[in-house]
Each structure stands twice: as C-alpha cells, then as structure tokens.
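Source file entry_39.txt; content: compact mmCIF, C-alpha atoms.
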# COMPACT_ATOMS: atom_id res chain seq x y z
CA MET A 1 -0.84 -15.54 -2.24
CA PRO A 2 -0.20 -13.80 -5.55
CA TYR A 3 -0.06 -10.04 -5.84
CA PHE A 4 -2.40 -7.99 -7.99
CA GLY A 5 -0.87 -6.25 -10.98
CA THR A 6 -2.68 -2.96 -10.49
CA SER A 7 -3.93 -1.14 -7.41
CA GLN A 8 -7.32 -0.69 -9.06
CA GLU A 9 -7.80 -4.45 -9.23
CA TRP A 10 -6.80 -4.73 -5.58
CA LEU A 11 -9.23 -1.99 -4.61
CA GLU A 12 -12.13 -3.61 -6.46
CA GLN A 13 -11.57 -7.03 -4.94
CA SER A 14 -10.93 -5.60 -1.48
CA SER A 15 -14.09 -3.53 -1.51
CA LEU A 16 -16.06 -6.62 -2.49
CA LEU A 17 -14.50 -8.56 0.36
CA ILE A 18 -15.25 -5.77 2.83
CA LYS A 19 -18.83 -5.59 1.65
CA ALA A 20 -19.17 -9.32 2.17
CA ARG A 21 -17.46 -9.43 5.57
CA PRO A 22 -17.28 -5.96 7.07
CA THR A 23 -16.62 -6.99 10.67
CA THR A 24 -13.79 -9.44 10.23
CA THR A 25 -11.88 -8.01 7.25
CA ARG A 26 -8.83 -5.91 8.00
CA VAL A 27 -6.55 -3.87 5.75
CA THR A 28 -2.85 -3.73 6.53
CA ALA A 29 -0.21 -1.56 4.95
CA LYS A 30 3.38 -2.64 5.43
CA TRP A 31 6.16 -0.22 4.62
CA THR A 32 9.56 -1.87 4.53
CA LEU A 33 12.83 -0.06 4.39
CA PRO A 34 15.44 -2.68 3.51
CA LYS A 35 18.84 -2.71 5.07
CA LEU A 36 21.45 -1.06 2.92
CA ARG A 37 24.47 -3.20 2.22
CA SER A 38 27.56 -1.09 2.38
CA SER A 39 30.81 -2.14 0.77
CA THR A 40 32.61 -1.76 4.11
CA SER A 41 30.60 -4.56 5.75
CA PRO A 42 29.67 -7.17 3.14
CA SER A 43 27.16 -9.87 3.99
CA LYS A 44 28.16 -13.41 4.88
CA ARG A 45 27.16 -14.60 1.43
CA GLN A 46 29.29 -11.98 -0.26
CA LYS A 47 32.19 -12.78 2.03
CA ARG A 48 31.94 -16.45 1.19
CA LYS A 49 31.81 -15.68 -2.51
CA ALA A 50 34.82 -13.42 -2.25
CA ASP A 51 36.75 -16.08 -0.32
CA LYS A 52 35.91 -18.74 -2.89
CA ALA A 53 36.96 -16.50 -5.75
CA SER A 54 40.28 -15.66 -4.14
CA ASN A 55 40.98 -19.32 -3.31
CA ALA A 56 40.12 -20.56 -6.76
CA SER A 57 42.24 -18.09 -8.62
CA ALA A 58 45.01 -18.39 -6.02
CA VAL A 59 45.87 -14.83 -6.86
CA ASP A 60 44.90 -11.97 -4.57
CA ASN A 61 42.94 -9.97 -7.06
CA THR A 62 40.94 -7.57 -4.88
CA SER A 63 39.33 -5.72 -7.76
CA ALA A 64 37.55 -8.89 -8.93
CA SER A 65 35.97 -9.51 -5.55
CA GLU A 66 34.91 -5.89 -5.12
CA ALA A 67 33.23 -5.61 -8.50
CA PRO A 68 29.93 -7.36 -7.64
CA THR A 69 29.39 -5.35 -4.44
CA ALA A 70 29.98 -2.06 -6.20
CA SER A 71 27.59 -2.84 -9.04
CA SER A 72 24.68 -3.92 -6.77
CA VAL A 73 21.90 -1.34 -6.75
CA PRO A 74 20.56 -0.46 -3.28
CA PRO A 75 17.12 -2.04 -2.82
CA SER A 76 14.26 0.43 -2.61
CA ALA A 77 11.60 0.61 0.07
CA GLU A 78 8.33 -1.16 -0.54
CA LEU A 79 4.72 -0.63 0.39
CA THR A 80 2.63 -3.78 0.58
CA LEU A 81 -1.13 -3.57 0.99
CA LYS A 82 -2.98 -6.58 2.27
CA THR A 83 -6.66 -7.22 2.80
CA TYR A 84 -7.29 -10.24 4.95
CA ASP A 85 -10.43 -11.88 6.20
CA PRO A 86 -9.67 -14.49 8.86
CA ALA A 87 -13.19 -15.94 8.68
CA SER A 88 -12.91 -17.04 5.06
CA GLY A 89 -9.13 -16.97 4.76
CA VAL A 90 -9.11 -14.63 1.78
CA THR A 91 -5.95 -12.58 1.28
CA LEU A 92 -5.59 -9.87 -1.35
CA LYS A 93 -2.24 -8.20 -1.84
CA TYR A 94 -0.69 -5.36 -3.79
CA ARG A 95 2.90 -4.23 -3.73
CA THR A 96 4.60 -1.08 -5.00
CA ASP A 97 7.93 0.70 -4.70
CA GLN A 98 6.85 3.94 -6.38
CA ALA A 99 6.83 6.99 -4.11
CA ALA A 100 4.19 8.67 -6.28
CA GLU A 101 1.66 5.96 -5.47
CA VAL A 102 1.82 6.25 -1.66
CA GLY A 103 -0.58 9.17 -1.23
CA ARG A 104 -3.11 7.66 -3.58
CA LEU A 105 -2.93 4.25 -1.96
CA VAL A 106 -3.58 5.70 1.49
CA ALA A 107 -6.56 7.53 0.01
CA VAL A 108 -7.73 4.19 -1.37
CA MET A 109 -7.37 2.75 2.13
CA GLY A 110 -9.59 5.60 3.26
CA ARG A 111 -12.26 4.58 0.80
CA LEU A 112 -12.07 1.01 2.05
CA GLY A 113 -12.16 2.32 5.62
CA ARG A 114 -15.35 4.19 4.92
CA SER A 115 -17.05 1.12 3.55
CA MET A 116 -15.68 -0.82 6.53
CA ALA A 117 -17.23 1.69 8.91
CA ALA A 118 -20.51 1.34 6.97
CA SER A 119 -20.68 5.06 6.50
CA PRO A 120 -23.95 5.52 4.57
CA ASP A 121 -22.80 8.56 2.54
CA GLU A 122 -20.01 6.64 0.87
CA GLU A 123 -22.26 3.81 -0.28
CA ILE A 124 -24.60 6.25 -1.98
CA LYS A 125 -21.69 8.02 -3.60
CA ASP A 126 -20.25 4.72 -4.80
CA GLU A 127 -23.49 3.66 -6.39
CA ALA A 128 -23.92 7.01 -8.08
CA ALA A 129 -20.37 6.94 -9.38
CA ALA A 130 -20.75 3.37 -10.63
CA ALA A 131 -23.97 4.25 -12.44
CA GLU A 132 -22.32 7.25 -14.06
CA GLY A 133 -19.35 5.17 -15.08
CA ALA A 134 -21.54 2.50 -16.65
CA VAL A 135 -23.45 5.09 -18.65
CA GLY A 136 -20.24 6.75 -19.78
CA GLU A 137 -18.73 3.48 -20.97
CA GLN A 138 -21.78 2.34 -22.85
CA GLY A 139 -22.70 5.66 -24.37
CA THR A 140 -19.49 7.22 -25.58
CA GLY A 141 -16.84 4.60 -25.08
CA ARG A 142 -14.61 7.33 -23.71
CA ASN A 143 -12.10 6.68 -20.97
CA THR A 144 -14.28 8.34 -18.31
CA PRO A 145 -12.91 7.57 -14.88
CA VAL A 146 -15.46 6.18 -12.43
CA PRO A 147 -13.94 7.27 -9.13
CA LYS A 148 -11.12 9.74 -8.66
CA ALA A 149 -8.68 6.92 -8.07
CA VAL A 150 -9.09 5.56 -11.58
CA SER A 151 -7.69 8.63 -13.28
CA GLY A 152 -4.63 8.42 -11.06
CA GLU A 153 -4.42 4.72 -11.72
CA THR A 154 -4.07 5.06 -15.46
CA LYS A 155 -1.37 7.66 -15.01
CA GLY A 156 0.48 5.92 -12.21
CA GLY A 157 0.09 2.44 -13.62
CA ALA A 158 1.87 3.36 -16.86
CA GLY A 159 5.14 2.14 -15.46
CA GLN A 160 3.71 -1.24 -14.48
CA GLY A 161 1.94 -2.26 -17.62
CA GLY A 162 -1.28 -0.45 -16.75
CA GLY A 163 -0.52 1.85 -19.64
CA GLY A 164 -1.35 -0.95 -22.01
CA GLN A 165 -5.04 -0.46 -21.34
CA GLY A 166 -4.87 3.25 -22.01
CA GLY A 167 -2.99 2.60 -25.21
CA GLY A 168 -5.65 0.20 -26.42
CA LYS A 169 -8.40 2.71 -25.85
CA LYS A 170 -6.45 5.40 -27.64
CA LYS A 171 -6.02 3.16 -30.64
CA LYS A 172 -9.76 2.63 -30.80
CA LYS A 173 -10.22 6.36 -30.86
CA GLY A 174 -7.88 6.70 -33.81
CA ARG A 175 -9.75 4.11 -35.82
CA LYS A 176 -13.02 5.95 -35.38
CA MET B 1 -2.64 1.44 23.59
CA HIS B 2 -5.42 3.76 22.47
CA LEU B 3 -4.49 7.35 21.69
CA THR B 4 -6.42 10.34 20.47
CA ASN B 5 -6.19 11.05 16.74
CA ASP B 6 -3.74 13.93 17.25
CA GLU B 7 -1.49 11.89 19.50
CA PHE B 8 -1.58 9.06 16.97
CA PHE B 9 -0.27 11.30 14.21
CA THR B 10 2.56 12.69 16.32
CA ARG B 11 3.57 9.16 17.34
CA LEU B 12 3.36 7.96 13.72
CA GLN B 13 5.54 10.81 12.51
CA GLU B 14 8.07 9.98 15.21
CA LEU B 15 8.00 6.33 14.19
CA PHE B 16 8.64 7.10 10.53
CA ALA B 17 11.40 9.53 11.42
CA LYS B 18 13.02 6.89 13.61
CA LYS B 19 12.90 4.23 10.88
CA ASN B 20 14.16 6.65 8.24
CA SER B 21 17.10 7.73 10.39
CA LYS B 22 17.92 4.10 11.13
CA GLY B 23 17.78 3.27 7.43
CA LYS B 24 16.02 -0.07 7.85
CA GLY B 25 12.92 -1.61 9.36
CA SER B 26 9.20 -1.93 8.74
CA VAL B 27 6.07 -0.11 9.81
CA PHE B 28 2.71 -1.86 9.83
CA LEU B 29 -0.53 0.12 9.58
CA LYS B 30 -3.67 -1.84 10.19
CA GLN B 31 -7.28 -0.80 9.99
CA LYS B 32 -10.42 -2.66 10.94
CA ARG B 33 -13.89 -2.12 12.24
CA PHE B 34 -14.02 -1.19 15.90
CA SER B 35 -16.73 -3.31 17.39
CA GLN B 36 -17.30 -5.32 20.49
CA PRO B 37 -17.38 -9.00 19.66
CA THR B 38 -20.75 -10.61 20.28
CA GLY B 39 -21.06 -14.34 20.64
CA SER B 40 -24.26 -14.71 18.65
CA SER B 41 -23.16 -12.96 15.46
CA ALA B 42 -19.68 -14.47 15.38
CA GLY B 43 -19.29 -16.56 12.26
CA SER B 44 -22.67 -15.60 10.87
CA LEU B 45 -23.44 -12.99 8.26
CA ALA B 46 -25.57 -10.91 10.62
CA ASP B 47 -23.16 -7.98 10.24
CA LEU B 48 -24.32 -7.44 6.66
CA ASN B 49 -27.69 -6.17 7.85
CA ASP B 50 -26.08 -3.79 10.31
CA THR B 51 -25.91 -0.47 8.47
CA THR B 52 -25.26 1.79 11.45
CA PRO B 53 -21.93 3.59 11.08
CA THR B 54 -19.27 2.10 13.31
CA PRO B 55 -15.92 3.57 14.35
CA LEU B 56 -12.69 2.35 12.81
CA PHE B 57 -9.63 1.19 14.69
CA ILE B 58 -6.25 2.14 13.23
CA ARG B 59 -3.11 0.58 14.62
CA ALA B 60 0.52 1.29 13.85
CA SER B 61 3.17 -1.18 14.89
CA ALA B 62 6.86 -1.82 14.37
CA GLY B 63 9.51 -4.10 15.67
CA HIS B 64 8.27 -7.44 14.34
CA SER B 65 11.81 -8.55 13.59
CA LYS B 66 13.06 -11.63 15.40
CA TYR B 67 15.96 -9.57 16.70
CA VAL B 68 13.63 -7.27 18.64
CA THR B 69 12.52 -8.34 22.09
CA PRO B 70 8.76 -8.16 22.73
CA ALA B 71 9.31 -5.42 25.29
CA ASP B 72 10.82 -3.16 22.61
CA ARG B 73 7.97 -3.56 20.14
CA ILE B 74 6.14 -0.39 19.27
CA GLN B 75 2.39 -0.55 19.03
CA PHE B 76 -0.22 2.15 19.29
CA GLY B 77 -3.66 2.69 17.91
CA THR B 78 -6.53 5.10 17.70
CA VAL B 79 -10.27 4.92 17.24
CA VAL B 80 -11.71 7.07 14.46
CA GLN B 81 -15.36 8.02 14.68
CA PRO B 82 -17.32 7.71 11.42
CA GLU B 83 -17.87 11.47 11.22
CA ASP B 84 -14.12 12.13 11.51
CA LEU B 85 -13.07 9.67 8.79
CA GLU B 86 -12.75 12.23 6.01
CA ALA B 87 -10.50 14.58 7.99
CA PHE B 88 -8.51 11.70 9.47
CA TYR B 89 -7.66 10.14 6.13
CA THR B 90 -6.54 13.40 4.53
CA ARG B 91 -4.11 13.86 7.39
CA TYR B 92 -3.19 10.18 7.38
CA ALA B 93 -2.35 10.24 3.66
CA GLU B 94 -0.16 13.29 4.12
CA CYS B 95 1.61 11.78 7.12
CA CYS B 96 2.27 8.50 5.29
CA ARG B 97 3.37 10.24 2.11
CA VAL B 98 5.99 12.25 3.97
CA GLY B 99 7.08 9.35 6.16
CA MET B 100 7.30 6.71 3.46
CA MET B 101 9.06 8.93 0.91
CA GLY B 102 12.48 7.81 2.09
CA GLY B 103 13.85 4.92 0.10
CA MET B 104 11.01 4.62 -2.40
CA LYS B 105 11.55 5.05 -6.12
CA LYS B 106 10.76 8.37 -7.70
CA ARG B 107 9.24 8.76 -11.11
CA SER B 108 11.84 8.88 -13.86
CA LYS B 109 10.92 11.32 -16.60
CA GLU B 110 13.25 9.78 -19.18
CA LYS B 111 11.49 6.43 -19.13
CA LYS B 112 8.09 8.05 -19.55
CA LYS B 113 9.24 10.08 -22.53
CA GLY B 114 10.57 6.99 -24.22
CA LYS B 115 7.28 5.15 -23.71
CA LYS B 116 5.24 8.01 -25.09
CA LYS B 117 7.34 8.05 -28.24
CA GLY B 118 6.79 4.34 -28.67
CA LYS B 119 3.04 4.75 -28.29
CA GLY B 120 2.94 7.51 -30.86
CA LYS B 121 4.61 5.29 -33.43
CA GLY B 122 2.11 2.53 -32.80
CA VAL B 123 -0.85 4.84 -33.38
CA SER B 124 0.53 6.32 -36.60
CA LYS B 125 0.89 2.86 -38.10
Hey, can you dump this file as structure tokens for me?
Amino acid sequence: MPYFGTSQEWLEQSSLLIKARPTTTRVTAKWTLPKLRSSTSPSKRQKRKADKASNASAVDNTSASEAPTASSVPPSAELTLKTYDPASGVTLKYRTDQAAEVGRLVAVMGRLGRSMAASPDEEIKDEAAAAEGAVGEQGTGRNTPVPKAVSGETKGGAGQGGGGQGGGKKKKKGRK
Amino acid sequence: MHLTNDEFFTRLQELFAKKNSKGKGSVFLKQKRFSQPTGSSAGSLADLNDTTPTPLFIRASAGHSKYVTPADRIQFGTVVQPEDLEAFYTRYAECCRVGMMGGMKKRSKEKKKGKKKGKGKGVSK
C-alpha cells in the first residue's frame, strides 16, 4: 500500500473512511526506533563485505574496510500512521521521521477518534469549518486554513514538498 | 488488559522510557470504536445511522518482534468515554511527543533558510 505524501491528505482520506465505516475502521500509530549499528559489532552483511574486500585485495588494509561503517548515518526513528478497515480492506498510510510532526499527528488522531466515537459536537464543528473554508477560498483566494491542522501542515510540510503548494499561492498573490 | 486513563498514561510513559533506554524497538498505538459486536449489524451499514456517542478503545502494544516470546509481549488498553476525549487527547499528544522524541529528526534551520532564499528569487523573477 503506498504512503501519502502529506499528512493532510492522509487525514482527509481517513476521515472519509471513518465516516463510511465507523465501527470497523481502526487507526494505528507505529513508532519504530531502529537498532543502531555500532562499529564495534558490524552486521553479518558488513562482515561479509569486509571479508570479501580483504580477500580480493590480498592486503590487510583495515582502513578500507572500516570506511563504509564510519560513513553510515544512524537511521532515525519513524512514526507510521495507518488507517485500516478490515471490512473493505482499505489501508491508508502516512510515514514521517520529523520530531516536530509528532504532536500534531497525535492531535490529528484525536480528531479522527472523535469522528470515530460519533461525538456530535465535532461533526457540527467540522461542517462549520468546511463551510468557512469554502467561502474563504472562493471569495478571497487567500490561503485561509480550514482546520487548525492545515496551518501546521503548510509549515511542517515544507520539508517534504508540501511547500510547493504554498509557493504557488504566493506567486499568485504577487501577480495580482 | 483494560486500565483507567491515568494508569494507561503511566504505563505508556514507562513503555516509551523502556524502548528509549534500550535504543531499539517499536510501540504500536491503536484506536477504534469500543462497541459490543452484534450479529445483525455485522457487515451491514447499519452503524452509519447510529449517531449516539460511543466510547473509544485505545491500546498500546510492544514486543511484536519474532525474537520476543508471546509471554513477554506488552499489551494494555483503556476505554475513553466520549466526554473525556478532549482531555485524553491533549494528554496523549503530550505523552507521545515526549516519548517519541528520541531518535526522530529535528528541524534543521539551515535547510529552511536556504529554501526561503530560493523562493524569494522565484517570486522576484
């Protein structure tokens, strides 16, 4: 299953899925802290590579075999969000490694949770916000954020290509 | 295992601390509607008409690795009432933010500055 490029896209699709199947849909967040590979205990693959290199050159050049392990950047932890509905088999995923996004994504999970729990207040709020957003877009063409999450999205998504949208809107402004 | 909301947060904090100190591993956080399954509505779309607020079930689990024996798997959950959702999620977000901070990438200011400069050039043209 492919991953969504932006969390906003994931949120929109997930909320639609939850609205369609509120009882069966579940949202899972997976936080993975990968194992750090230290130079003192290289992996089997690295060991094999090192052995091959030393055999091929037939010269015990330790610096050559150590170079790739030293240059490898430690992998960062990841947060993967998944919305899954077993009844229809739909899976929606989003993945990030940015620490700044964590708080916002959990808040997004809260929004989904509220629609999952069929809390009536949230639905009214959502509709009101959507109506406001539609008016704002049609009337002024300004980058008026619909929910709170959108404003964070444009800021946070800058590093992942989300900034391209903001840039486009800014350009339009300049032309006017 | 069902816990109260407070107990859930203390257990979750412990779990994150444990994983962070270990330096590897995964934590799964799952949320779904807490409802008793009924035979008649299963598979149908009857739930769409049901607008009464239902509680949510939140579960945290760890130890899904093949190297962990089933007895050592950690799993605990809590039921959140619809009226407590707001308070629960503010605390949940804070707990996750602190717990997941370890190992994740932080914003680099240098990259951002460079991008802003690039954008400015594009607009001026």
Would you list the contacts of segment 10-18 of chain A as number ranges by chain, taking every protein, DNA or RNA residue within 7 Å and counting all atoms listed in the file, but skipping same-chain residues closer than 2 positions in sequence? A: 4, 6-8, 20-22, 25, 83, 92-94, 112, 116
Which of A:Glu9, A:Thr23, A:Pro74, A:Met1 sits closest to chain B [using only C-alpha atoms]: A:Thr23
Measure the distance from atom CA of Lys24 of chain B to atom CA of Val102 of chain A in Å and round it to one decimal.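 Taking atom CA of Lys24 of chain B and atom CA of Val102 of chain A, their separation equals 18.2 Å.
The list of residues with at least one atom within 10 Å of Gly63 of chain B, based on all atoms listed in the file and without residues fewer than 5 positions apart in the same chain, reads B:Gly25, B:Ser26, B:Val27, B:Phe28, B:Val68, B:Thr69, B:Pro70, B:Ala71, B:Asp72, B:Arg73, B:Ile74, B:Gln75.
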Near-Met100 of chain B list (12 Å; all atoms listed in the file; drop same-chain fewer than 3 positions) as number ranges by chain: A: 29-33, 76-80, 96-103, 105-106; B: 12-13, 15-20, 23-29, 92-97, 103-106
At what distance in Å, to one decimal, does atom CA of Phe9 of chain B lie from atom CA of Arg26 of chain A? 20.2 Å
Which one of B:Val80, B:Met101, B:Ala62, B:Leu3 sits closest to chain A if you count only C-alpha atoms? B:Met101
Separation of atom CA of Leu81 of chain A and atom CA of Gln31 of chain B, in Å? 11.2 Å
Rank nothing, just name the residue among A:Ala118, A:Tyr3, A:Asp85, A:Arg111 nearest to chain B, using only C-alpha atoms. A:Ala118
From the options B:Lys66, B:Arg91, B:His2, B:Arg107, which residue's atoms come nearest to Phe34 of chain B, counting all atoms listed in the file?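 Of all the options, B:His2 lies closest to Phe34 of chain B.
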